[in-house]
Amino acid sequence: MDQRMVVAWDGSAESRAALDWAVERARHTDSTAEFVLLTVADDASLIPGKTVGPEEFDVAAAAVADEAARVRHELPGHRVTGEIVIGDRLNALRRATDPTTLVVLGTQTRDFPRQRFAWSLGSRLAASALGPVAIVPRLGAGTRRGVVAGVDGSETSLRAALFAAAEAELRGVPLHLVHAWQEPAIWQDAFVYDQEVLDEIASQHELVVRDVEAVVAKFHPGLEIAAVTVHGHTVRALLEFSPLPELVVVGCRSRSSMNRFMLGSVSHELILNLDVPVAVVSDRVRDVTLDLQRSMTEKETSA
């Protein structure tokens, strides 16, 4: 995979966790892939209460250059650069996104109400990015293996599944396609779902994940893929999947211009509760593989 990576770097513990994750990922990639440490010099991130002057800018530029040099030592042969720009962090990072770039950033410890965290940099960037975004928490102890992709039958989740397949292939680990479902809510107290009805609902959901599995297997024939349905809460099913995953991938549908900084409910809740790196793949991303699959389907239909 020759995907370019841009890591948001400001010297914090959170950005260190994101950088460590990105470096480990880069060990499995082609050395020609570009690796960029990006520092955004805004008034708040450098020295609170002060504007960005020449001295502050030079200090930040030297810091990111030094860190880039350290990473080059860890990744010999890779194209590692450090960059610094002045501006708003969200807009600067969004400008770095595109379908062939993975933007990686850390997330701060959540020691304040979740309503405020809902407007975190990571959630806003993932909602408006033009490419995939990986949000990396400060990881705790414990062994994790495999990539989990949440699928719901939509084209957006298929894009996420294909991205997850490439990530699993890159790492040499299994891919788990997970489709979680719950029976529709009922408003009549006298009505309850009997087992026969639940079995029928479950069988329909099973078709959803099997269809996605067939597409992914077609383009990643050597990859170990397990497709499962879970009767339960979607976010819990993804984060508590056994074995515990090293990466969770979900899709994000485009929103109206008014809501373009807000994630959908599943991806939003994942970021609120994440204890594992989460990659969000927007349906703004044009996936060549998915376009090929659509073309093949249209030819089969017209034949």
# chains A, B, ... in the order shown; residues from 1 in each chain; ligands from 1
>>> residues_around(residues="segment 62-64 of chain A", least_positions_apart="2", cutoff="7 Å", atoms="only C-alpha atoms", output="list in words")
Leu37, Thr39, Asp58, Val59, Ala60, Asp66, Glu67, Ala68, Gly82 and Glu83 of chain A
>>> write_last_selection(atoms="N, CA and C atoms", output="compact mmCIF listing (two decimals), in the first residue's frame")
# COMPACT_ATOMS: atom_id res chain seq x y z
N LEU A 37 5.06 14.77 8.97
CA LEU A 37 4.68 15.28 10.28
C LEU A 37 4.24 16.73 10.08
N THR A 39 2.79 20.18 11.68
CA THR A 39 2.49 21.04 12.83
C THR A 39 1.71 22.25 12.35
N ASP A 58 9.69 29.80 14.54
CA ASP A 58 10.98 29.14 14.34
C ASP A 58 11.19 28.00 15.34
N VAL A 59 10.75 28.20 16.59
CA VAL A 59 10.89 27.15 17.60
C VAL A 59 10.05 25.93 17.20
N ALA A 60 8.81 26.17 16.78
CA ALA A 60 7.94 25.07 16.38
C ALA A 60 8.47 24.37 15.13
N ASP A 66 13.21 18.33 13.94
CA ASP A 66 13.96 17.38 14.76
C ASP A 66 13.22 16.05 14.88
N GLU A 67 11.91 16.13 15.06
CA GLU A 67 11.12 14.90 15.19
C GLU A 67 11.11 14.12 13.88
N ALA A 68 11.04 14.84 12.76
CA ALA A 68 11.08 14.17 11.46
C ALA A 68 12.42 13.45 11.27
N GLY A 82 9.04 17.01 7.69
CA GLY A 82 8.31 17.78 8.69
C GLY A 82 7.87 19.09 8.09
N GLU A 83 6.61 19.46 8.33
CA GLU A 83 6.08 20.69 7.78
C GLU A 83 5.39 21.49 8.88
>>> select_by_dssp(residues="segment 47-174 of chain A", states="alpha helix (DSSP H)", output="PyMOL selection string")
chain A and resi 54-74+89-95+114-117+121-128+155-171
>>> residues_around(residues="Gly222 of chain A", least_positions_apart="5", cutoff="12 Å", atoms="only C-alpha atoms", output="VMD selection string")
chain A and resid 165 to 166 168 to 170 172 to 175 216 to 217
>>> closest_residue(among="A:Glu24, A:Asp88, A:Asp30, A:Asp283", to="Leu158 of chain A", atoms="only C-alpha atoms")
A:Asp283
>>> closest_residue(among="A:Leu238, A:Val6, A:Leu274, A:Val23", to="Thr100 of chain A", atoms="only C-alpha atoms")
A:Val6
>>> atom_distance(atom1="atom CA of Glu213 of chain A", atom2="atom CA of Thr101 of chain A")
25.0 Å
>>> residues_around(residues="Gln3 of chain A", least_positions_apart="3", cutoff="12 Å", atoms="only C-alpha atoms", output="PyMOL selection string")
chain A and resi 6+22+25-26+28-36+97-103+131-132+163+166-167+170
>>> write_last_selection(atoms="N, CA and C atoms", output="PDB file, in the first residue's frame")
ATOM      1  N   VAL A   6      -0.168  11.559   6.803  1.00  0.00           N
ATOM      2  CA  VAL A   6       0.092  12.844   7.435  1.00  0.00           C
ATOM      3  C   VAL A   6      -0.270  12.708   8.906  1.00  0.00           C
ATOM      4  N   ALA A  22       1.543   5.507  13.719  1.00  0.00           N
ATOM      5  CA  ALA A  22       1.808   5.715  12.292  1.00  0.00           C
ATOM      6  C   ALA A  22       3.157   5.131  11.883  1.00  0.00           C
ATOM      7  N   ARG A  25       2.791   1.411  11.569  1.00  0.00           N
ATOM      8  CA  ARG A  25       2.082   1.095  10.326  1.00  0.00           C
ATOM      9  C   ARG A  25       3.020   1.242   9.127  1.00  0.00           C
ATOM     10  N   ALA A  26       3.834   2.287   9.145  1.00  0.00           N
ATOM     11  CA  ALA A  26       4.729   2.556   8.017  1.00  0.00           C
ATOM     12  C   ALA A  26       5.770   1.467   7.825  1.00  0.00           C
ATOM     13  N   HIS A  28       5.273  -1.485   7.556  1.00  0.00           N
ATOM     14  CA  HIS A  28       4.708  -2.487   6.650  1.00  0.00           C
ATOM     15  C   HIS A  28       4.452  -1.938   5.254  1.00  0.00           C
ATOM     16  N   THR A  29       4.681  -0.652   5.042  1.00  0.00           N
ATOM     17  CA  THR A  29       4.364  -0.042   3.758  1.00  0.00           C
ATOM     18  C   THR A  29       5.603   0.075   2.886  1.00  0.00           C
ATOM     19  N   ASP A  30       5.357   0.373   1.627  1.00  0.00           N
ATOM     20  CA  ASP A  30       6.441   0.619   0.684  1.00  0.00           C
ATOM     21  C   ASP A  30       7.194   1.876   1.124  1.00  0.00           C
ATOM     22  N   SER A  31       8.507   1.822   1.062  1.00  0.00           N
ATOM     23  CA  SER A  31       9.313   2.955   1.539  1.00  0.00           C
ATOM     24  C   SER A  31       9.154   4.198   0.674  1.00  0.00           C
ATOM     25  N   THR A  32       8.531   4.062  -0.504  1.00  0.00           N
ATOM     26  CA  THR A  32       8.336   5.243  -1.347  1.00  0.00           C
ATOM     27  C   THR A  32       7.141   6.072  -0.890  1.00  0.00           C
ATOM     28  N   ALA A  33       6.317   5.501   0.006  1.00  0.00           N
ATOM     29  CA  ALA A  33       5.151   6.238   0.490  1.00  0.00           C
ATOM     30  C   ALA A  33       5.598   7.438   1.321  1.00  0.00           C
ATOM     31  N   GLU A  34       4.985   8.569   1.087  1.00  0.00           N
ATOM     32  CA  GLU A  34       5.356   9.800   1.792  1.00  0.00           C
ATOM     33  C   GLU A  34       4.818   9.783   3.217  1.00  0.00           C
ATOM     34  N   PHE A  35       5.640  10.240   4.149  1.00  0.00           N
ATOM     35  CA  PHE A  35       5.292  10.292   5.572  1.00  0.00           C
ATOM     36  C   PHE A  35       5.558  11.722   6.047  1.00  0.00           C
ATOM     37  N   VAL A  36       4.506  12.424   6.441  1.00  0.00           N
ATOM     38  CA  VAL A  36       4.624  13.848   6.772  1.00  0.00           C
ATOM     39  C   VAL A  36       4.205  14.096   8.211  1.00  0.00           C
ATOM     40  N   THR A  97      -6.248  16.345   3.657  1.00  0.00           N
ATOM     41  CA  THR A  97      -6.957  15.101   3.352  1.00  0.00           C
ATOM     42  C   THR A  97      -7.248  14.976   1.865  1.00  0.00           C
ATOM     43  N   ASP A  98      -7.162  13.754   1.380  1.00  0.00           N
ATOM     44  CA  ASP A  98      -7.593  13.407   0.023  1.00  0.00           C
ATOM     45  C   ASP A  98      -7.707  11.890  -0.026  1.00  0.00           C
ATOM     46  N   PRO A  99      -8.281  11.327  -1.096  1.00  0.00           N
ATOM     47  CA  PRO A  99      -8.516   9.880  -1.130  1.00  0.00           C
ATOM     48  C   PRO A  99      -7.274   9.011  -0.998  1.00  0.00           C
ATOM     49  N   THR A 100      -6.097   9.561  -1.295  1.00  0.00           N
ATOM     50  CA  THR A 100      -4.872   8.750  -1.226  1.00  0.00           C
ATOM     51  C   THR A 100      -4.022   9.082  -0.007  1.00  0.00           C
ATOM     52  N   THR A 101      -4.583   9.824   0.941  1.00  0.00           N
ATOM     53  CA  THR A 101      -3.849  10.233   2.132  1.00  0.00           C
ATOM     54  C   THR A 101      -4.585   9.786   3.387  1.00  0.00           C
ATOM     55  N   LEU A 102      -3.855   9.168   4.305  1.00  0.00           N
ATOM     56  CA  LEU A 102      -4.396   8.833   5.616  1.00  0.00           C
ATOM     57  C   LEU A 102      -3.889   9.857   6.614  1.00  0.00           C
ATOM     58  N   VAL A 103      -4.798  10.618   7.204  1.00  0.00           N
ATOM     59  CA  VAL A 103      -4.430  11.594   8.232  1.00  0.00           C
ATOM     60  C   VAL A 103      -4.588  10.933   9.596  1.00  0.00           C
ATOM     61  N   GLY A 131     -10.746  12.226   2.831  1.00  0.00           N
ATOM     62  CA  GLY A 131     -10.052  10.948   2.821  1.00  0.00           C
ATOM     63  C   GLY A 131     -10.165  10.303   4.188  1.00  0.00           C
ATOM     64  N   PRO A 132      -9.570   9.135   4.374  1.00  0.00           N
ATOM     65  CA  PRO A 132      -9.662   8.430   5.655  1.00  0.00           C
ATOM     66  C   PRO A 132      -8.901   9.156   6.764  1.00  0.00           C
ATOM     67  N   PHE A 163     -11.326  -0.630   2.734  1.00  0.00           N
ATOM     68  CA  PHE A 163     -10.184   0.026   3.398  1.00  0.00           C
ATOM     69  C   PHE A 163      -9.650  -0.876   4.505  1.00  0.00           C
ATOM     70  N   ALA A 166      -7.590  -3.737   3.171  1.00  0.00           N
ATOM     71  CA  ALA A 166      -6.233  -3.328   2.802  1.00  0.00           C
ATOM     72  C   ALA A 166      -5.360  -3.179   4.044  1.00  0.00           C
ATOM     73  N   GLU A 167      -5.926  -2.649   5.123  1.00  0.00           N
ATOM     74  CA  GLU A 167      -5.165  -2.501   6.366  1.00  0.00           C
ATOM     75  C   GLU A 167      -4.815  -3.863   6.960  1.00  0.00           C
ATOM     76  N   LEU A 170      -2.122  -5.393   4.900  1.00  0.00           N
ATOM     77  CA  LEU A 170      -0.863  -4.706   5.181  1.00  0.00           C
ATOM     78  C   LEU A 170      -0.186  -5.273   6.422  1.00  0.00           C
TER      79      LEU A 170
END
>>> atom_distance(atom1="atom CA of Ala41 of chain A", atom2="atom CA of Ile86 of chain A")
4.6 Å
>>> residues_around(residues="Val250 of chain A", least_positions_apart="5", cutoff="10 Å", atoms="only C-alpha atoms", output="list of chain:residue names")
A:Pro132, A:Val148, A:Ala149, A:Gly150, A:Val151, A:Asp152, A:Thr156, A:Ser157, A:Leu158, A:Arg159, A:Ala160, A:Ala161, A:Phe163, A:Ala164, A:Leu238, A:Val266, A:Ser267, A:Leu270, A:Val278, A:Ala279, A:Val280, A:Val281, A:Ser282
>>> residues_around(residues="Ala18 of chain A", least_positions_apart="3", cutoff="10 Å", atoms="only C-alpha atoms", output="NGL selection string")
:A and (7-9 or 12-15 or 21-23 or 104-107 or 134-139 or 277)
